[in-house]
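Data from run-v3.txt: compact mmCIF, C-alpha atoms and all ligand atoms
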# COMPACT_ATOMS: atom_id res chain seq x y z
CA GLU I 1 5.39 -11.08 -10.53
CA GLU I 2 6.53 -7.72 -9.23
CA LYS I 3 6.93 -7.22 -5.50
CA THR I 4 6.85 -4.03 -3.45
CA LEU I 5 7.23 -3.13 0.20
CA ALA I 6 4.14 -1.74 1.90
CA MET I 7 4.16 -0.46 5.45
CA ILE I 8 1.42 0.57 7.84
CA LYS I 9 3.15 3.23 9.91
CA PRO I 10 2.66 3.66 13.70
CA ASP I 11 -0.32 6.03 13.34
CA GLY I 12 -2.08 3.53 11.08
CA LEU I 13 -1.67 0.73 13.62
CA PHE I 14 -2.56 2.91 16.64
CA SER I 15 -5.80 4.03 15.01
CA ASN I 16 -6.84 0.51 14.04
CA HIS I 17 -6.85 0.97 10.28
CA THR I 18 -5.10 -2.34 9.59
CA ASP I 19 -8.15 -4.37 8.59
CA ALA I 20 -9.55 -1.64 6.33
CA ILE I 21 -6.16 -1.21 4.61
CA LYS I 22 -5.76 -4.97 4.12
CA LYS I 23 -9.23 -5.13 2.58
CA VAL I 24 -8.24 -2.46 0.03
CA ILE I 25 -5.01 -4.38 -0.68
CA LEU I 26 -6.81 -7.66 -1.35
CA ASP I 27 -9.72 -6.06 -3.23
CA SER I 28 -7.15 -4.37 -5.50
CA GLY I 29 -5.70 -7.72 -6.54
CA PHE I 30 -2.49 -7.81 -4.50
CA HIS I 31 -1.27 -10.98 -2.90
CA ILE I 32 0.28 -10.53 0.55
CA PHE I 33 3.43 -12.59 0.04
CA GLU I 34 4.84 -12.01 3.49
CA GLU I 35 4.06 -9.81 6.51
CA MET I 36 5.48 -8.97 9.90
CA ILE I 37 4.91 -6.56 12.75
CA THR I 38 8.12 -4.95 13.94
CA GLN I 39 9.33 -1.94 15.86
CA LEU I 40 11.95 0.32 14.27
CA ASN I 41 14.62 1.71 16.57
CA LYS I 42 16.41 4.99 15.89
CA ASP I 43 19.21 3.37 13.88
CA GLY I 44 16.80 1.28 11.82
CA ALA I 45 14.50 4.19 10.99
CA SER I 46 17.49 6.42 10.15
CA SER I 47 18.87 3.78 7.82
CA PHE I 48 15.50 3.15 6.16
CA TYR I 49 15.03 6.88 5.52
CA ALA I 50 18.74 7.66 4.91
CA GLU I 51 17.89 9.59 1.72
CA HIS I 52 16.15 12.18 3.92
CA SER I 53 18.93 12.53 6.51
CA SER I 54 19.73 16.13 5.56
CA LYS I 55 16.10 17.31 5.51
CA SER I 56 14.72 19.64 8.16
CA PHE I 57 11.97 17.14 9.03
CA PHE I 58 14.34 14.19 9.53
CA SER I 59 14.44 14.13 13.35
CA SER I 60 10.67 14.50 13.52
CA LEU I 61 10.28 11.70 10.96
CA ILE I 62 12.51 9.38 13.00
CA LYS I 63 10.58 10.18 16.19
CA TYR I 64 7.30 9.40 14.39
CA MET I 65 8.55 6.18 12.79
CA THR I 66 9.89 4.88 16.13
CA SER I 67 6.77 5.88 18.12
CA GLY I 68 5.23 2.41 17.88
CA PRO I 69 5.15 -0.83 15.90
CA VAL I 70 4.77 -0.92 12.12
CA LEU I 71 3.28 -3.64 9.92
CA VAL I 72 5.43 -4.38 6.90
CA MET I 73 4.14 -6.44 3.97
CA VAL I 74 5.57 -7.70 0.71
CA LEU I 75 2.82 -7.18 -1.86
CA GLU I 76 2.89 -9.10 -5.10
CA LYS I 77 1.05 -8.29 -8.32
CA GLU I 78 1.74 -7.24 -11.88
CA ASN I 79 2.94 -3.60 -11.71
CA ALA I 80 2.83 -3.78 -7.89
CA ILE I 81 5.20 -0.85 -7.24
CA ALA I 82 3.35 1.80 -9.25
CA ASP I 83 -0.11 0.41 -8.46
CA TRP I 84 0.54 0.51 -4.68
CA ARG I 85 1.91 4.08 -4.92
CA ASN I 86 -1.25 5.10 -6.80
CA LEU I 87 -3.44 3.43 -4.22
CA ILE I 88 -1.82 5.17 -1.23
CA GLY I 89 -2.07 8.64 -2.78
CA PRO I 90 0.00 11.79 -2.27
CA THR I 91 2.47 12.24 0.62
CA ASP I 92 0.38 14.96 2.28
CA ALA I 93 -2.63 13.11 3.68
CA ARG I 94 -4.45 16.39 4.33
CA LYS I 95 -4.24 17.29 0.63
CA ALA I 96 -5.09 13.70 -0.33
CA LYS I 97 -8.47 14.11 1.35
CA SER I 98 -9.46 16.71 -1.24
CA THR I 99 -7.52 15.63 -4.33
CA HIS I 100 -7.53 11.81 -3.91
CA PRO I 101 -10.47 11.11 -1.59
CA HIS I 102 -10.44 7.37 -2.28
CA SER I 103 -6.73 6.94 -1.53
CA ILE I 104 -5.52 5.10 1.55
CA ARG I 105 -3.80 8.21 2.90
CA ALA I 106 -7.07 10.13 2.59
CA MET I 107 -8.76 7.35 4.54
CA CYS I 108 -6.31 7.01 7.42
CA GLY I 109 -3.58 9.66 7.26
CA GLN I 110 -3.53 12.95 9.13
CA ASP I 111 -1.02 15.34 7.53
CA LEU I 112 2.25 15.68 5.61
CA GLU I 113 4.15 13.61 8.16
CA LYS I 114 1.60 11.25 9.69
CA ASN I 115 0.39 9.69 6.47
CA CYS I 116 -0.20 6.14 7.79
CA VAL I 117 1.34 4.10 4.97
CA HIS I 118 4.50 3.73 2.93
CA GLY I 119 5.24 2.25 -0.47
CA SER I 120 8.50 1.66 -2.32
CA ASP I 121 8.87 4.21 -5.10
CA SER I 122 10.96 2.43 -7.74
CA LEU I 123 12.36 -0.81 -9.14
CA GLN I 124 15.56 0.04 -7.26
CA SER I 125 14.07 0.80 -3.86
CA ALA I 126 11.57 -2.08 -3.72
CA PRO I 127 14.07 -4.99 -3.47
CA ARG I 128 16.29 -2.93 -1.16
CA GLU I 129 13.40 -2.18 1.20
CA ILE I 130 12.11 -5.75 1.05
CA SER I 131 15.49 -7.13 2.08
CA PHE I 132 15.80 -4.44 4.76
CA PHE I 133 12.88 -6.09 6.59
CA PHE I 134 12.78 -9.61 5.19
CA GLY I 135 16.41 -10.17 4.19
CA GLY I 136 17.34 -13.81 4.11
CA THR I 137 13.79 -15.13 4.35
CA LEU I 138 12.72 -14.31 0.79
CA SER I 139 12.87 -17.00 -1.83
CA GLY I 140 12.07 -15.00 -4.94
P1 LIG V 1 7.10 7.16 1.90
O1 LIG V 1 8.57 7.17 1.48
O2 LIG V 1 6.91 7.04 3.38
O3 LIG V 1 6.27 6.20 1.12
P2 LIG V 1 6.66 9.43 0.21
O4 LIG V 1 7.53 8.74 -0.77
O5 LIG V 1 5.30 9.82 -0.21
O6 LIG V 1 6.51 8.58 1.54
P3 LIG V 1 8.94 11.02 0.96
O7 LIG V 1 9.19 12.33 0.32
O8 LIG V 1 9.79 9.86 0.61
O9 LIG V 1 7.38 10.70 0.77
O10 LIG V 1 9.02 11.27 2.53
C1 LIG V 1 9.11 10.19 3.43
C2 LIG V 1 8.21 10.44 4.62
O11 LIG V 1 8.71 11.58 5.34
C3 LIG V 1 6.78 10.83 4.25
O12 LIG V 1 5.97 9.71 4.04
C4 LIG V 1 6.34 11.60 5.49
O13 LIG V 1 5.99 10.73 6.56
C5 LIG V 1 7.62 12.35 5.86
N1 LIG V 1 7.68 13.68 5.24
C6 LIG V 1 7.93 13.97 3.95
N2 LIG V 1 7.97 15.29 3.73
C7 LIG V 1 7.75 15.87 4.94
C8 LIG V 1 7.69 17.22 5.40
N3 LIG V 1 7.88 18.26 4.57
N4 LIG V 1 7.45 17.43 6.72
C9 LIG V 1 7.29 16.40 7.57
N5 LIG V 1 7.35 15.09 7.21
C10 LIG V 1 7.57 14.84 5.91

Please re-express this file's structure in C-alpha cells.
Amino acid sequence: EEKTLAMIKPDGLFSNHTDAIKKVILDSGFHIFEEMITQLNKDGASSFYAEHSSKSFFSSLIKYMTSGPVLVMVLEKENAIADWRNLIGPTDARKAKSTHPHSIRAMCGQDLEKNCVHGSDSLQSAPREISFFFGGTLSG
C-alpha cells in the first residue's frame, strides 16, 4: 500500500497535540508503519526544505523547524499521500480554522508558518522524505 511521510512539527509537540493527532490518524484508517522522534539541525532542516531555499521565509522556517524535536511517521494506507494532505488542511493554519475547521492544522496550528504538521505532497517526494528520515531501515 502507499506510504507517506507525516511529521508533527516542534509546535505540535510542544503543545502536546501528539495524542490527538495520532487518534485522527488511526481513526482515518492509516497504519503507522514506523515512527521516531528526532531533532533537526540547521543542515538537516535546510536539506529537507531545500526547495524553499530562495524564499524570503526560509531562515525563519529553519529556525522554527530546529526549535525542538519533531515526530516523524511513515503512514501506510491506500491513497495515503493525498488522503494525509487532505486531512492536514491548508498551509495557513489561521485560514484553515475558518475554511477547514475539522483539519489537523485548524486543530493545532497557529499561522502560515507554525502549522504543526507536515505531509509529503507527491509520489516523488514521499519516498524521498521517507528515506531522508528512515533511510536504510525500511523494508518496503
Ligand atoms: P509542508 O511542506 O510543511 O507540508 P506545505 O506543503 O503546506 O507544508 P509549503 O509551501 O511546502 O507548504 O511550505 C513549507 C512550510 O514552510 C510550511 O508548512 C510552513 O511551515 C512554511 N511556510 C510556507 N509559506 C510560508 C510563508 N509565506 N511564510 C512563513 N512560512 C511559510

Select the residues contacting ligand LIG 1 (chain V) at a distance of at most 7 Å, based on all atoms listed in the file, then format the selection as a PDB file with C-alpha atoms, keeping the file's coordinate frame.
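File out.pdb, as written:
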ATOM      1  CA  PHE I  57      11.970  17.140   9.030  1.00  0.00           C
ATOM      2  CA  LEU I  61      10.280  11.700  10.960  1.00  0.00           C
ATOM      3  CA  PRO I  90       0.000  11.790  -2.270  1.00  0.00           C
ATOM      4  CA  THR I  91       2.470  12.240   0.620  1.00  0.00           C
ATOM      5  CA  LEU I 112       2.250  15.680   5.610  1.00  0.00           C
ATOM      6  CA  GLU I 113       4.150  13.610   8.160  1.00  0.00           C
ATOM      7  CA  LYS I 114       1.600  11.250   9.690  1.00  0.00           C
ATOM      8  CA  ASN I 115       0.390   9.690   6.470  1.00  0.00           C
ATOM      9  CA  VAL I 117       1.340   4.100   4.970  1.00  0.00           C
ATOM     10  CA  HIS I 118       4.500   3.730   2.930  1.00  0.00           C
ATOM     11  CA  GLY I 119       5.240   2.250  -0.470  1.00  0.00           C
ATOM     12  CA  SER I 120       8.500   1.660  -2.320  1.00  0.00           C
ATOM     13  CA  ASP I 121       8.870   4.210  -5.100  1.00  0.00           C
TER      14      ASP I 121
END

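For the residues I:Leu40, I:Ile32, I:Ile104, I:Ile88, ranking by smallest atom-to-atom distance to Ser67 of chain I using only C-alpha atoms places I:Leu40 first.
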
- request: Identify, on the basis of all atoms listed in the file, every residue whose closest approach to Glu129 of chain I does not exceed 9 Å; exclude the query and any residue fewer than 6 positions from it along the same chain; express the result as a ChimeraX atom specification.
  value: /I:4-5,48,120

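Between Phe134 of chain I and the candidates I:Ser103, I:Asn79, I:Thr38, I:Ser47, the tightest atom-to-atom separation, counting all atoms listed in the file, involves I:Thr38.
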
task: Rank nothing, just name the residue among I:Ser125, I:Ser131, I:Ser28, I:Ser54 nearest to Leu87 of chain I, using all atoms listed in the file.
output: I:Ser28

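Between atom CA of Lys9 of chain I and atom CA of Asn86 of chain I there is a distance of 17.4 Å.
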
- prompt: In terms of the shortest atom-to-atom distance over only C-alpha atoms, which of I:Ile37, I:Ile62, I:Leu75, I:Val70 is closest to Lys22 of chain I?
  reply: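 Closest candidate: I:Leu75.
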
message: Report, in Å with one decimal, the straight-line distance from atom CA of Lys3 of chain I to atom CA of Tyr64 of chain I.
response: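 Spanning atom CA of Lys3 of chain I to atom CA of Tyr64 of chain I is a straight-line distance of 25.9 Å.
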
message: Calculated over all atoms listed in the file, which of the candidates I:Met36, I:Met65, I:Asp11, I:Ile130 has the smallest distance to Gln110 of chain I?
response: I:Asp11

- line: Residue with the minimum atom-to-atom distance to Gln39 of chain I, picked from I:Glu2, I:Ala96, I:Phe133, I:Asp83 with all atoms listed in the file counted, is I:Phe133

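Between atom CA of Ser15 of chain I and atom CA of Ala93 of chain I the interatomic distance comes to 14.9 Å.
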
Would you place a box with edges along x, y and z of the file around all atoms of segment 81-97 of chain I listed there, add 6 Å to each of its six sides, and report the centre and edge lengths in Å to one decimal, as JSON?
{"center_x": -1.6, "center_y": 8.2, "center_z": -2.5, "size_x": 25.7, "size_y": 30.1, "size_z": 25.6}

Take segment 68-104 of chain I, model N, CA and C atoms, and hand the result over as a JSON list (two decimals), in the coordinates of the input.
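File written: part_11.json
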[["chain", "number", "residue", "atom", "x", "y", "z"],
["I", 68, "GLY", "N", 6.01, 3.61, 17.64],
["I", 68, "GLY", "CA", 5.23, 2.41, 17.88],
["I", 68, "GLY", "C", 5.53, 1.39, 16.80],
["I", 69, "PRO", "N", 4.90, 0.22, 16.90],
["I", 69, "PRO", "CA", 5.15, -0.83, 15.90],
["I", 69, "PRO", "C", 4.65, -0.44, 14.51],
["I", 70, "VAL", "N", 5.23, -1.06, 13.51],
["I", 70, "VAL", "CA", 4.77, -0.92, 12.12],
["I", 70, "VAL", "C", 4.45, -2.32, 11.58],
["I", 71, "LEU", "N", 3.57, -2.37, 10.61],
["I", 71, "LEU", "CA", 3.28, -3.64, 9.92],
["I", 71, "LEU", "C", 3.87, -3.55, 8.52],
["I", 72, "VAL", "N", 4.84, -4.39, 8.24],
["I", 72, "VAL", "CA", 5.43, -4.38, 6.90],
["I", 72, "VAL", "C", 4.94, -5.60, 6.13],
["I", 73, "MET", "N", 4.67, -5.39, 4.84],
["I", 73, "MET", "CA", 4.14, -6.44, 3.97],
["I", 73, "MET", "C", 4.87, -6.42, 2.64],
["I", 74, "VAL", "N", 5.12, -7.60, 2.10],
["I", 74, "VAL", "CA", 5.57, -7.70, 0.71],
["I", 74, "VAL", "C", 4.33, -7.98, -0.11],
["I", 75, "LEU", "N", 4.00, -7.03, -0.99],
["I", 75, "LEU", "CA", 2.82, -7.18, -1.86],
["I", 75, "LEU", "C", 3.27, -7.62, -3.24],
["I", 76, "GLU", "N", 2.52, -8.55, -3.80],
["I", 76, "GLU", "CA", 2.89, -9.10, -5.10],
["I", 76, "GLU", "C", 1.73, -8.96, -6.08],
["I", 77, "LYS", "N", 2.09, -8.55, -7.30],
["I", 77, "LYS", "CA", 1.05, -8.29, -8.32],
["I", 77, "LYS", "C", 1.79, -7.78, -9.55],
["I", 78, "GLU", "N", 1.18, -7.90, -10.72],
["I", 78, "GLU", "CA", 1.74, -7.24, -11.88],
["I", 78, "GLU", "C", 1.73, -5.73, -11.63],
["I", 79, "ASN", "N", 2.84, -5.06, -11.91],
["I", 79, "ASN", "CA", 2.94, -3.60, -11.71],
["I", 79, "ASN", "C", 2.70, -3.17, -10.26],
["I", 80, "ALA", "N", 3.12, -4.01, -9.32],
["I", 80, "ALA", "CA", 2.83, -3.78, -7.89],
["I", 80, "ALA", "C", 3.36, -2.44, -7.39],
["I", 81, "ILE", "N", 4.56, -2.05, -7.80],
["I", 81, "ILE", "CA", 5.20, -0.85, -7.24],
["I", 81, "ILE", "C", 4.37, 0.39, -7.56],
["I", 82, "ALA", "N", 4.10, 0.60, -8.84],
["I", 82, "ALA", "CA", 3.35, 1.80, -9.25],
["I", 82, "ALA", "C", 1.89, 1.72, -8.78],
["I", 83, "ASP", "N", 1.29, 0.53, -8.85],
["I", 83, "ASP", "CA", -0.11, 0.41, -8.46],
["I", 83, "ASP", "C", -0.30, 0.71, -6.97],
["I", 84, "TRP", "N", 0.65, 0.24, -6.12],
["I", 84, "TRP", "CA", 0.54, 0.51, -4.68],
["I", 84, "TRP", "C", 0.74, 2.00, -4.40],
["I", 85, "ARG", "N", 1.71, 2.62, -5.10],
["I", 85, "ARG", "CA", 1.91, 4.08, -4.92],
["I", 85, "ARG", "C", 0.64, 4.84, -5.29],
["I", 86, "ASN", "N", -0.01, 4.43, -6.39],
["I", 86, "ASN", "CA", -1.25, 5.10, -6.80],
["I", 86, "ASN", "C", -2.35, 4.92, -5.76],
["I", 87, "LEU", "N", -2.40, 3.74, -5.19],
["I", 87, "LEU", "CA", -3.44, 3.43, -4.22],
["I", 87, "LEU", "C", -3.26, 4.23, -2.92],
["I", 88, "ILE", "N", -2.02, 4.45, -2.50],
["I", 88, "ILE", "CA", -1.82, 5.17, -1.23],
["I", 88, "ILE", "C", -2.05, 6.67, -1.38],
["I", 89, "GLY", "N", -1.80, 7.23, -2.56],
["I", 89, "GLY", "CA", -2.07, 8.64, -2.78],
["I", 89, "GLY", "C", -0.90, 9.53, -2.40],
["I", 90, "PRO", "N", -1.09, 10.85, -2.48],
["I", 90, "PRO", "CA", 0.00, 11.79, -2.27],
["I", 90, "PRO", "C", 0.53, 11.79, -0.83],
["I", 91, "THR", "N", 1.79, 12.23, -0.68],
["I", 91, "THR", "CA", 2.47, 12.24, 0.62],
["I", 91, "THR", "C", 1.65, 12.98, 1.68],
["I", 92, "ASP", "N", 1.12, 14.14, 1.32],
["I", 92, "ASP", "CA", 0.38, 14.96, 2.28],
["I", 92, "ASP", "C", -1.06, 14.44, 2.41],
["I", 93, "ALA", "N", -1.31, 13.74, 3.50],
["I", 93, "ALA", "CA", -2.63, 13.11, 3.68],
["I", 93, "ALA", "C", -3.76, 14.15, 3.75],
["I", 94, "ARG", "N", -3.41, 15.35, 4.23],
["I", 94, "ARG", "CA", -4.45, 16.39, 4.33],
["I", 94, "ARG", "C", -4.90, 16.81, 2.92],
["I", 95, "LYS", "N", -3.91, 16.95, 2.02],
["I", 95, "LYS", "CA", -4.24, 17.29, 0.63],
["I", 95, "LYS", "C", -4.94, 16.12, -0.05],
["I", 96, "ALA", "N", -4.49, 14.90, 0.29],
["I", 96, "ALA", "CA", -5.09, 13.70, -0.33],
["I", 96, "ALA", "C", -6.59, 13.67, -0.11],
["I", 97, "LYS", "N", -7.04, 14.16, 1.05],
["I", 97, "LYS", "CA", -8.47, 14.11, 1.35],
["I", 97, "LYS", "C", -9.29, 14.91, 0.34],
["I", 98, "SER", "N", -8.70, 15.98, -0.22],
["I", 98, "SER", "CA", -9.46, 16.71, -1.24],
["I", 98, "SER", "C", -9.14, 16.25, -2.66],
["I", 99, "THR", "N", -7.86, 15.96, -2.94],
["I", 99, "THR", "CA", -7.52, 15.63, -4.33],
["I", 99, "THR", "C", -7.64, 14.14, -4.66],
["I", 100, "HIS", "N", -7.44, 13.26, -3.69],
["I", 100, "HIS", "CA", -7.53, 11.81, -3.91],
["I", 100, "HIS", "C", -8.34, 11.17, -2.78],
["I", 101, "PRO", "N", -9.64, 11.51, -2.74],
["I", 101, "PRO", "CA", -10.47, 11.11, -1.59],
["I", 101, "PRO", "C", -10.59, 9.60, -1.39],
["I", 102, "HIS", "N", -10.33, 8.82, -2.45],
["I", 102, "HIS", "CA", -10.44, 7.37, -2.28],
["I", 102, "HIS", "C", -9.11, 6.71, -1.96],
["I", 103, "SER", "N", -8.05, 7.51, -1.82],
["I", 103, "SER", "CA", -6.73, 6.94, -1.53],
["I", 103, "SER", "C", -6.65, 6.49, -0.07],
["I", 104, "ILE", "N", -5.68, 5.62, 0.18],
["I", 104, "ILE", "CA", -5.52, 5.10, 1.55],
["I", 104, "ILE", "C", -5.09, 6.22, 2.50]]
